[in-house]
$ cat structure_22.txt   # compact mmCIF, C-alpha atoms and all ligand atoms
# COMPACT_ATOMS: atom_id res chain seq x y z
CA MET A 1 98.83 115.59 74.62
CA ILE A 2 102.25 114.61 75.94
CA PHE A 3 102.61 112.42 79.02
CA ASP A 4 106.01 112.25 80.71
CA LEU A 5 106.28 109.38 83.17
CA LEU A 6 109.06 109.69 85.72
CA THR A 7 110.04 106.42 87.35
CA ILE A 8 112.92 104.32 88.60
CA PHE A 9 111.28 101.26 86.98
CA PRO A 10 110.68 102.19 83.32
CA GLU A 11 110.21 98.51 82.41
CA ILE A 12 106.86 98.45 84.25
CA PHE A 13 105.38 100.54 81.44
CA THR A 14 106.55 98.47 78.48
CA SER A 15 103.58 96.18 77.98
CA PRO A 16 100.72 98.48 79.10
CA LEU A 17 101.88 101.14 76.64
CA GLN A 18 101.90 98.68 73.75
CA ALA A 19 98.68 96.77 74.26
CA SER A 20 95.07 97.46 73.40
CA LEU A 21 93.54 100.91 72.93
CA LEU A 22 96.31 102.72 74.81
CA GLY A 23 98.91 101.18 72.48
CA LYS A 24 96.77 102.13 69.45
CA ALA A 25 96.31 105.72 70.69
CA ILE A 26 100.09 106.04 70.91
CA GLN A 27 100.61 104.46 67.49
CA LYS A 28 98.00 106.79 65.97
CA LYS A 29 99.83 109.71 67.64
CA LEU A 30 96.68 110.78 69.48
CA VAL A 31 98.92 110.93 72.55
CA GLN A 32 102.65 110.86 73.07
CA VAL A 33 103.96 108.98 76.10
CA ARG A 34 107.59 109.35 77.14
CA VAL A 35 109.03 107.24 79.93
CA HIS A 36 112.04 108.66 81.79
CA ASP A 37 114.32 106.80 84.14
CA ILE A 38 114.90 109.05 87.16
CA ARG A 39 118.43 107.63 87.45
CA THR A 40 119.41 109.43 84.26
CA PHE A 41 118.92 112.71 86.15
CA THR A 42 121.41 111.81 88.89
CA THR A 43 124.86 113.36 88.85
CA ASP A 44 126.75 111.15 91.35
CA LYS A 45 128.73 108.18 90.12
CA HIS A 46 126.48 105.61 91.85
CA HIS A 47 123.27 107.10 90.39
CA ARG A 48 121.60 107.12 93.80
CA VAL A 49 117.94 107.99 93.86
CA ASP A 50 117.22 107.29 97.55
CA ASP A 51 118.70 107.92 100.97
CA ILE A 52 117.90 107.33 104.65
CA PRO A 53 115.23 109.54 106.29
CA TYR A 54 116.31 112.43 108.53
CA GLY A 55 115.11 111.74 112.07
CA GLY A 56 115.50 108.00 111.60
CA GLY A 57 112.85 105.39 110.97
CA PRO A 58 112.37 102.56 108.51
CA GLY A 59 112.76 102.67 104.75
CA MET A 60 114.36 105.04 102.30
CA VAL A 61 113.26 108.36 100.85
CA MET A 62 113.64 109.51 97.24
CA LYS A 63 116.27 112.21 96.97
CA PRO A 64 115.11 115.61 95.74
CA GLU A 65 117.96 116.46 93.32
CA PRO A 66 117.20 114.06 90.44
CA LEU A 67 113.45 114.58 90.78
CA VAL A 68 113.70 118.35 90.62
CA ALA A 69 116.23 118.17 87.77
CA ALA A 70 113.70 116.11 85.82
CA LEU A 71 110.72 118.30 86.75
CA GLU A 72 112.62 121.38 85.62
CA SER A 73 113.97 119.96 82.39
CA LEU A 74 110.92 118.12 81.00
CA PRO A 75 108.37 120.88 80.36
CA VAL A 76 108.20 121.66 76.65
CA PRO A 77 108.39 125.46 76.05
CA ASP A 78 105.01 127.10 75.34
CA LYS A 79 103.03 124.01 76.30
CA LYS A 80 100.44 124.19 79.05
CA VAL A 81 101.93 121.78 81.59
CA ARG A 82 100.89 120.23 84.90
CA ARG A 83 103.21 118.31 87.20
CA ILE A 84 101.49 115.59 89.16
CA TYR A 85 102.87 113.40 91.93
CA LEU A 86 100.98 110.13 92.32
CA SER A 87 100.60 109.80 96.07
CA PRO A 88 98.21 108.10 98.51
CA GLN A 89 97.98 111.50 100.21
CA GLY A 90 96.66 113.25 97.10
CA ARG A 91 93.27 114.24 95.80
CA ARG A 92 91.22 111.12 95.11
CA LEU A 93 90.91 110.33 91.40
CA GLU A 94 87.30 110.18 90.26
CA GLN A 95 85.66 110.20 86.85
CA GLY A 96 84.24 113.67 87.48
CA ILE A 97 87.64 115.38 87.74
CA LEU A 98 89.29 113.70 84.73
CA SER A 99 88.08 116.03 82.00
CA ASN A 100 89.77 119.00 83.78
CA TYR A 101 93.11 117.56 82.69
CA LEU A 102 92.22 117.60 79.00
CA GLN A 103 93.07 121.32 78.98
CA TYR A 104 96.78 120.53 79.46
CA GLU A 105 99.14 119.87 76.57
CA GLN A 106 101.71 118.14 78.75
CA LEU A 107 101.27 116.14 81.95
CA ILE A 108 104.32 115.12 83.94
CA LEU A 109 103.56 112.18 86.23
CA LEU A 110 106.00 111.50 89.03
CA CYS A 111 105.97 107.94 90.38
CA GLY A 112 107.32 107.53 93.90
CA ARG A 113 108.85 104.42 95.47
CA TYR A 114 110.16 103.51 98.95
CA GLU A 115 108.67 105.80 101.63
CA GLY A 116 107.89 108.39 98.97
CA VAL A 117 109.71 111.53 97.85
CA ASP A 118 111.55 114.14 99.93
CA ALA A 119 108.77 116.50 101.12
CA ARG A 120 110.50 119.55 99.56
CA VAL A 121 109.74 118.24 96.09
CA GLU A 122 106.19 119.56 96.62
CA HIS A 123 107.48 123.01 95.61
CA TRP A 124 108.00 121.66 92.08
CA ILE A 125 104.66 119.81 91.93
CA ASP A 126 101.28 121.32 91.01
CA GLU A 127 99.16 118.59 92.51
CA GLU A 128 99.13 115.17 94.20
CA ILE A 129 96.69 112.53 92.98
CA SER A 130 95.71 109.33 94.76
CA ILE A 131 93.94 106.39 93.13
CA GLY A 132 92.36 105.37 96.44
CA ASP A 133 92.80 105.03 100.16
CA TYR A 134 95.31 102.20 100.16
CA VAL A 135 99.08 102.13 99.82
CA LEU A 136 100.85 100.53 96.88
CA MET A 137 104.58 99.94 96.53
CA GLY A 138 105.03 102.53 93.82
CA GLY A 139 103.37 105.21 91.72
CA GLU A 140 103.71 103.36 88.40
CA LEU A 141 100.35 101.56 88.52
CA PRO A 142 98.57 104.71 89.74
CA ALA A 143 100.17 106.64 86.86
CA LEU A 144 98.88 104.03 84.40
CA VAL A 145 95.42 104.18 85.96
CA PHE A 146 95.37 107.96 85.58
CA LEU A 147 96.79 107.79 82.05
CA GLU A 148 94.32 105.19 80.82
CA ALA A 149 91.30 106.86 82.43
CA LEU A 150 92.26 110.17 80.82
CA VAL A 151 93.36 108.92 77.40
CA ARG A 152 90.04 107.20 76.77
CA LEU A 153 88.36 110.61 76.98
CA ILE A 154 90.46 111.94 74.10
CA PRO A 155 88.38 111.98 70.91
CA GLY A 156 89.34 109.17 68.55
CA VAL A 157 90.80 106.85 71.20
CA VAL A 158 87.69 104.80 71.98
CA GLY A 159 85.97 103.72 68.74
CA LYS A 160 82.50 105.04 69.60
CA GLU A 161 82.62 108.20 71.70
CA GLU A 162 79.00 107.54 72.61
CA SER A 163 80.14 104.54 74.67
CA VAL A 164 82.29 106.83 76.87
CA ARG A 165 79.27 109.07 77.46
CA HIS A 166 77.21 106.12 78.72
CA ASP A 167 79.91 104.70 80.98
CA SER A 168 79.43 104.38 84.71
CA PHE A 169 79.87 107.69 86.62
CA SER A 170 79.66 109.84 83.46
CA ALA A 171 76.14 110.93 84.32
CA GLY A 172 76.51 110.14 88.01
CA LEU A 173 74.92 106.69 87.58
CA LEU A 174 76.38 103.25 86.98
CA GLU A 175 75.91 101.99 83.46
CA TYR A 176 72.87 99.85 82.54
CA PRO A 177 73.48 96.07 82.16
CA GLN A 178 74.89 94.97 78.81
CA TYR A 179 74.17 91.69 76.99
CA THR A 180 75.51 89.96 73.91
CA ARG A 181 74.69 86.74 72.05
CA PRO A 182 73.31 84.14 72.72
CA GLU A 183 69.76 85.26 73.53
CA GLU A 184 69.48 82.50 76.11
CA PHE A 185 72.40 81.30 78.21
CA ARG A 186 71.88 78.40 80.62
CA GLY A 187 68.31 79.40 81.27
CA HIS A 188 68.98 83.15 81.55
CA GLN A 189 67.28 85.29 78.89
CA VAL A 190 68.32 88.62 77.48
CA PRO A 191 65.58 91.14 78.45
CA GLU A 192 62.86 91.06 75.75
CA VAL A 193 62.92 94.82 75.17
CA LEU A 194 66.54 94.74 73.93
CA LEU A 195 65.46 92.45 71.08
CA SER A 196 62.49 94.63 70.11
CA GLY A 197 64.33 97.09 67.86
CA ASP A 198 62.25 99.90 69.44
CA HIS A 199 64.95 102.48 70.25
CA GLN A 200 62.74 104.64 72.43
CA LYS A 201 61.68 101.69 74.57
CA ILE A 202 65.27 100.49 74.79
CA GLU A 203 66.44 103.95 75.86
CA SER A 204 63.88 104.22 78.64
CA TRP A 205 64.58 100.62 79.79
CA ARG A 206 68.29 101.48 79.99
CA GLN A 207 67.59 104.65 81.95
CA GLN A 208 65.48 102.73 84.45
CA ALA A 209 67.98 99.84 84.62
CA ALA A 210 70.88 102.25 85.29
CA GLN A 211 68.97 103.66 88.26
CA GLU A 212 68.16 100.18 89.57
CA VAL A 213 71.77 99.00 89.26
CA THR A 214 73.03 102.15 90.99
CA ALA A 215 70.52 101.77 93.82
CA ARG A 216 71.45 98.10 94.27
CA LYS A 217 75.23 98.35 94.00
CA ARG A 218 76.07 101.88 95.11
CA GLN A 219 73.73 103.36 97.70
CA ASP A 220 76.25 106.18 98.22
CA LEU A 221 75.87 107.35 94.61
CA ARG A 222 72.13 106.97 94.79
CA ARG A 223 71.85 109.19 97.86
CA GLY A 224 73.76 111.93 96.01
CA LEU A 225 71.37 111.75 93.05
CA LYS A 226 68.10 111.48 95.04
CA PHE A 227 66.08 109.19 92.77
C1 LIG B 1 104.92 102.86 99.75
S1 LIG B 1 104.30 104.30 98.95
C2 LIG B 1 104.74 105.56 100.09
C3 LIG B 1 103.65 105.82 101.09
C4 LIG B 1 104.01 106.91 102.09
N1 LIG B 1 105.04 106.46 102.97
C5 LIG B 1 102.78 107.30 102.88
O1 LIG B 1 102.50 106.65 103.88
O2 LIG B 1 102.06 108.23 102.47
C6 LIG B 1 105.44 104.55 97.63
C7 LIG B 1 104.88 105.31 96.45
O3 LIG B 1 103.79 104.61 95.90
C8 LIG B 1 102.88 105.51 95.28
N2 LIG B 1 101.54 105.23 95.79
C9 LIG B 1 101.23 104.32 96.74
N3 LIG B 1 99.92 104.27 96.97
C10 LIG B 1 99.34 105.16 96.12
C11 LIG B 1 98.01 105.56 95.88
N4 LIG B 1 97.00 105.06 96.56
N5 LIG B 1 97.79 106.50 94.93
C12 LIG B 1 98.81 107.04 94.24
N6 LIG B 1 100.10 106.69 94.43
C13 LIG B 1 100.39 105.77 95.36
C14 LIG B 1 103.40 106.92 95.58
O4 LIG B 1 104.06 107.40 94.42
C15 LIG B 1 104.37 106.69 96.72
O5 LIG B 1 105.41 107.63 96.72
$ encode --input "structure_22.txt" --output "structure tokens" --more "lines below"
Ligand SMILES: C[S@@+](CC[C@H](N)C(=O)[O-])C[C@H]1O[C@@H](n2cnc3c(N)ncnc32)[C@H](O)[C@@H]1O
Amino acid sequence: MIFDLLTIFPEIFTSPLQASLLGKAIQKKLVQVRVHDIRTFTTDKHHRVDDIPYGGGPGMVMKPEPLVAALESLPVPDKKVRRIYLSPQGRRLEQGILSNYLQYEQLILLCGRYEGVDARVEHWIDEEISIGDYVLMGGELPALVFLEALVRLIPGVVGKEESVRHDSFSAGLLEYPQYTRPEEFRGHQVPEVLLSGDHQKIESWRQQAAQEVTARKRQDLRRGLKF
């Protein structure tokens, strides 16, 4: 899968794309991530990417010309592509919708800045995605959130695919509590059953614990599941 990230701050992506499992996925060529500076798609001598809003008001708006030039030039021929604008006004990103994007061979992620992009750019966008009901200064962190959440679903990226299946939200529940050594830490014991080696018992304890955690921490999820 190819990800094209369109931004006026390419340097924001340097470290996140090198570190940890995302960095490894790129190294192993499980995904290709290309970062494009929107300024390189400008044609004026000052490389302007923003201008004042028609009708007045505070802030600047991202000009449509370089954005549309990029959105038109980036799709790779014959690849199934989707163009996404990260925007607080978009569809809320949730675990349940992520796997829909695995069908695409190329995802173009447009990161806004300032007051956002000229509204006419929507004609060159397939979808807007929001990472939550709050406003950030730019779309770069939302693009990374989307990228990381999606890339970890690609087979081979996370060591044990089973761990992705058990993650919170995958089956509608939060994940069961996890413990590691030592068995006792400052008076707090690891639940006995996890030391028993009885896989059936462990499985049913985890099932029960996932329900309890969900009921305690996320009543809204619990109501949807009716347990
Ligand atoms: C300051 S915001 C613009 C907000 C816009 N004026 C509004 O009220 O809808 C600048 C950019 O940050 C990004 N952004 C901010 N919050 C976001 C969110 N919750 N989800 C996705 N992108 C977001 C978008 O790319 C947006 O164009």
$ atom_distance --input "structure_22.txt" --atom1 "CA of Tyr114 in chain A" --atom2 "CA of Gly23 in chain A"
28.9 Å
$ residues_near_ligand --input "structure_22.txt" --ligand "ligand LIG 1 (chain B)" --cutoff "7 Å" --atoms "only C-alpha atoms and all ligand atoms" --output "count of residues only"
24
$ atom_distance --input "structure_22.txt" --atom1 "CA of His47 in chain A" --atom2 "CA of Gly59 in chain A"
18.3 Å
$ residues_around --input "structure_22.txt" --residues "range 143-156 of chain A" --least-positions-apart "4" --cutoff "10 Å" --atoms "all atoms listed in the file" --output "PDB file with C-alpha atoms, keeping the file's coordinate frame"
ATOM      1  CA  MET A   1      98.830 115.590  74.620  1.00  0.00           C
ATOM      2  CA  PHE A   3     102.610 112.420  79.020  1.00  0.00           C
ATOM      3  CA  LEU A   5     106.280 109.380  83.170  1.00  0.00           C
ATOM      4  CA  LEU A   6     109.060 109.690  85.720  1.00  0.00           C
ATOM      5  CA  THR A   7     110.040 106.420  87.350  1.00  0.00           C
ATOM      6  CA  ILE A  12     106.860  98.450  84.250  1.00  0.00           C
ATOM      7  CA  PHE A  13     105.380 100.540  81.440  1.00  0.00           C
ATOM      8  CA  PRO A  16     100.720  98.480  79.100  1.00  0.00           C
ATOM      9  CA  LEU A  17     101.880 101.140  76.640  1.00  0.00           C
ATOM     10  CA  LEU A  21      93.540 100.910  72.930  1.00  0.00           C
ATOM     11  CA  LEU A  22      96.310 102.720  74.810  1.00  0.00           C
ATOM     12  CA  ALA A  25      96.310 105.720  70.690  1.00  0.00           C
ATOM     13  CA  ILE A  26     100.090 106.040  70.910  1.00  0.00           C
ATOM     14  CA  LYS A  28      98.000 106.790  65.970  1.00  0.00           C
ATOM     15  CA  LEU A  30      96.680 110.780  69.480  1.00  0.00           C
ATOM     16  CA  VAL A  31      98.920 110.930  72.550  1.00  0.00           C
ATOM     17  CA  VAL A  33     103.960 108.980  76.100  1.00  0.00           C
ATOM     18  CA  ILE A  84     101.490 115.590  89.160  1.00  0.00           C
ATOM     19  CA  TYR A  85     102.870 113.400  91.930  1.00  0.00           C
ATOM     20  CA  LEU A  86     100.980 110.130  92.320  1.00  0.00           C
ATOM     21  CA  SER A  87     100.600 109.800  96.070  1.00  0.00           C
ATOM     22  CA  LEU A  93      90.910 110.330  91.400  1.00  0.00           C
ATOM     23  CA  GLU A  94      87.300 110.180  90.260  1.00  0.00           C
ATOM     24  CA  GLN A  95      85.660 110.200  86.850  1.00  0.00           C
ATOM     25  CA  ILE A  97      87.640 115.380  87.740  1.00  0.00           C
ATOM     26  CA  LEU A  98      89.290 113.700  84.730  1.00  0.00           C
ATOM     27  CA  SER A  99      88.080 116.030  82.000  1.00  0.00           C
ATOM     28  CA  ASN A 100      89.770 119.000  83.780  1.00  0.00           C
ATOM     29  CA  TYR A 101      93.110 117.560  82.690  1.00  0.00           C
ATOM     30  CA  LEU A 102      92.220 117.600  79.000  1.00  0.00           C
ATOM     31  CA  LEU A 107     101.270 116.140  81.950  1.00  0.00           C
ATOM     32  CA  ILE A 108     104.320 115.120  83.940  1.00  0.00           C
ATOM     33  CA  LEU A 109     103.560 112.180  86.230  1.00  0.00           C
ATOM     34  CA  LEU A 110     106.000 111.500  89.030  1.00  0.00           C
ATOM     35  CA  CYS A 111     105.970 107.940  90.380  1.00  0.00           C
ATOM     36  CA  ILE A 129      96.690 112.530  92.980  1.00  0.00           C
ATOM     37  CA  SER A 130      95.710 109.330  94.760  1.00  0.00           C
ATOM     38  CA  ILE A 131      93.940 106.390  93.130  1.00  0.00           C
ATOM     39  CA  GLY A 138     105.030 102.530  93.820  1.00  0.00           C
ATOM     40  CA  GLY A 139     103.370 105.210  91.720  1.00  0.00           C
ATOM     41  CA  LYS A 160      82.500 105.040  69.600  1.00  0.00           C
ATOM     42  CA  GLU A 161      82.620 108.200  71.700  1.00  0.00           C
ATOM     43  CA  VAL A 164      82.290 106.830  76.870  1.00  0.00           C
ATOM     44  CA  ARG A 165      79.270 109.070  77.460  1.00  0.00           C
TER      45      ARG A 165
END
$ residues_near_point --input "structure_22.txt" --point "(71.8, 101.2, 93.7)" --cutoff "12 Å" --atoms "all atoms listed in the file" --output "ChimeraX atom specification"
/A:172-176,208-227
$ atom_distance --input "structure_22.txt" --atom1 "CA of Ser163 in chain A" --atom2 "CA of Gln178 in chain A"
11.7 Å
$ closest_residue --input "structure_22.txt" --among "A:Val121, A:Ile2, A:Ala69, A:Val190" --to "Ile38 in chain A" --atoms "all atoms listed in the file"
A:Ala69
$ closest_residue --input "structure_22.txt" --among "A:Val158, A:Leu194, A:Val35, A:Val68" --to "His123 in chain A" --atoms "only C-alpha atoms"
A:Val68
$ closest_residue --input "structure_22.txt" --among "A:Ser204, A:Ser73, A:Gln106, A:Ser20" --to "Gln32 in chain A" --atoms "all atoms listed in the file"
A:Gln106
$ closest_residue --input "structure_22.txt" --among "A:Glu127, A:Lys45, A:Asp4, A:Gln103" --to "Leu71 in chain A" --atoms "all atoms listed in the file"
A:Asp4
$ residues_around --input "structure_22.txt" --residues "range 191-193 of chain A" --least-positions-apart "4" --cutoff "9 Å" --atoms "all atoms listed in the file" --output "list of chain:residue names"
A:Tyr179, A:Glu183, A:Gly197, A:Asp198, A:Lys201, A:Ile202, A:Trp205
$ closest_residue --input "structure_22.txt" --among "A:Asp37, A:Asp50, A:Glu11, A:Glu65" --to "Arg120 in chain A" --atoms "all atoms listed in the file"
A:Glu65
$ closest_residue --input "structure_22.txt" --among "A:Val157, A:Ile52, A:Glu203, A:Pro182" --to "Lys24 in chain A" --atoms "only C-alpha atoms"
A:Val157
$ build_atoms --input "structure_22.txt" --residues "range 31-60 of chain A" --atoms "N, CA and C atoms" --output "JSON list (two decimals), in the coordinates of the input"
[["chain", "number", "residue", "atom", "x", "y", "z"],
["A", 31, "VAL", "N", 98.18, 110.51, 71.36],
["A", 31, "VAL", "CA", 98.92, 110.93, 72.55],
["A", 31, "VAL", "C", 100.38, 110.51, 72.36],
["A", 32, "GLN", "N", 101.24, 111.24, 73.06],
["A", 32, "GLN", "CA", 102.65, 110.86, 73.07],
["A", 32, "GLN", "C", 103.00, 110.52, 74.52],
["A", 33, "VAL", "N", 103.58, 109.35, 74.74],
["A", 33, "VAL", "CA", 103.96, 108.98, 76.10],
["A", 33, "VAL", "C", 105.46, 108.75, 76.15],
["A", 34, "ARG", "N", 106.13, 109.49, 77.02],
["A", 34, "ARG", "CA", 107.59, 109.35, 77.14],
["A", 34, "ARG", "C", 107.89, 108.85, 78.55],
["A", 35, "VAL", "N", 108.68, 107.80, 78.62],
["A", 35, "VAL", "CA", 109.03, 107.24, 79.93],
["A", 35, "VAL", "C", 110.46, 107.62, 80.25],
["A", 36, "HIS", "N", 110.69, 108.19, 81.42],
["A", 36, "HIS", "CA", 112.04, 108.66, 81.79],
["A", 36, "HIS", "C", 112.51, 107.93, 83.04],
["A", 37, "ASP", "N", 113.72, 107.44, 82.97],
["A", 37, "ASP", "CA", 114.32, 106.80, 84.14],
["A", 37, "ASP", "C", 114.93, 107.89, 85.02],
["A", 38, "ILE", "N", 114.44, 107.98, 86.24],
["A", 38, "ILE", "CA", 114.90, 109.05, 87.16],
["A", 38, "ILE", "C", 116.42, 108.98, 87.36],
["A", 39, "ARG", "N", 116.96, 107.76, 87.26],
["A", 39, "ARG", "CA", 118.43, 107.63, 87.45],
["A", 39, "ARG", "C", 119.23, 108.44, 86.43],
["A", 40, "THR", "N", 118.65, 108.67, 85.28],
["A", 40, "THR", "CA", 119.41, 109.43, 84.26],
["A", 40, "THR", "C", 119.54, 110.91, 84.65],
["A", 41, "PHE", "N", 118.81, 111.32, 85.68],
["A", 41, "PHE", "CA", 118.92, 112.71, 86.15],
["A", 41, "PHE", "C", 119.82, 112.83, 87.38],
["A", 42, "THR", "N", 120.47, 111.74, 87.76],
["A", 42, "THR", "CA", 121.41, 111.81, 88.89],
["A", 42, "THR", "C", 122.76, 112.30, 88.38],
["A", 43, "THR", "N", 123.55, 112.86, 89.29],
["A", 43, "THR", "CA", 124.86, 113.36, 88.85],
["A", 43, "THR", "C", 126.01, 112.66, 89.59],
["A", 44, "ASP", "N", 125.68, 111.86, 90.62],
["A", 44, "ASP", "CA", 126.75, 111.15, 91.35],
["A", 44, "ASP", "C", 127.11, 109.85, 90.61],
["A", 45, "LYS", "N", 128.28, 109.33, 90.93],
["A", 45, "LYS", "CA", 128.73, 108.18, 90.12],
["A", 45, "LYS", "C", 127.95, 106.90, 90.41],
["A", 46, "HIS", "N", 127.26, 106.83, 91.56],
["A", 46, "HIS", "CA", 126.48, 105.61, 91.85],
["A", 46, "HIS", "C", 125.02, 105.72, 91.41],
["A", 47, "HIS", "N", 124.65, 106.87, 90.86],
["A", 47, "HIS", "CA", 123.27, 107.10, 90.39],
["A", 47, "HIS", "C", 122.25, 106.82, 91.49],
["A", 48, "ARG", "N", 122.50, 107.37, 92.66],
["A", 48, "ARG", "CA", 121.60, 107.12, 93.80],
["A", 48, "ARG", "C", 120.33, 107.94, 93.69],
["A", 49, "VAL", "N", 119.22, 107.27, 93.90],
["A", 49, "VAL", "CA", 117.94, 107.99, 93.86],
["A", 49, "VAL", "C", 117.27, 108.03, 95.24],
["A", 50, "ASP", "N", 117.86, 107.34, 96.23],
["A", 50, "ASP", "CA", 117.22, 107.29, 97.55],
["A", 50, "ASP", "C", 118.26, 107.43, 98.65],
["A", 51, "ASP", "N", 117.78, 107.78, 99.83],
["A", 51, "ASP", "CA", 118.70, 107.92, 100.97],
["A", 51, "ASP", "C", 117.88, 107.69, 102.24],
["A", 52, "ILE", "N", 118.60, 107.61, 103.39],
["A", 52, "ILE", "CA", 117.90, 107.33, 104.65],
["A", 52, "ILE", "C", 117.13, 108.58, 105.12],
["A", 53, "PRO", "N", 116.03, 108.38, 105.86],
["A", 53, "PRO", "CA", 115.23, 109.54, 106.29],
["A", 53, "PRO", "C", 115.89, 110.30, 107.45],
["A", 54, "TYR", "N", 115.90, 111.62, 107.37],
["A", 54, "TYR", "CA", 116.31, 112.43, 108.53],
["A", 54, "TYR", "C", 115.37, 112.11, 109.68],
["A", 55, "GLY", "N", 115.93, 112.03, 110.89],
["A", 55, "GLY", "CA", 115.11, 111.74, 112.07],
["A", 55, "GLY", "C", 114.97, 110.26, 112.33],
["A", 56, "GLY", "N", 115.53, 109.45, 111.43],
["A", 56, "GLY", "CA", 115.50, 108.00, 111.60],
["A", 56, "GLY", "C", 114.19, 107.38, 111.15],
["A", 57, "GLY", "N", 114.06, 106.10, 111.39],
["A", 57, "GLY", "CA", 112.85, 105.39, 110.97],
["A", 57, "GLY", "C", 113.14, 104.45, 109.82],
["A", 58, "PRO", "N", 112.14, 103.59, 109.52],
["A", 58, "PRO", "CA", 112.37, 102.56, 108.51],
["A", 58, "PRO", "C", 112.32, 103.12, 107.09],
["A", 59, "GLY", "N", 112.90, 102.37, 106.18],
["A", 59, "GLY", "CA", 112.76, 102.67, 104.75],
["A", 59, "GLY", "C", 113.67, 103.76, 104.26],
["A", 60, "MET", "N", 113.54, 104.04, 102.98],
["A", 60, "MET", "CA", 114.36, 105.04, 102.30],
["A", 60, "MET", "C", 113.43, 106.09, 101.70]]
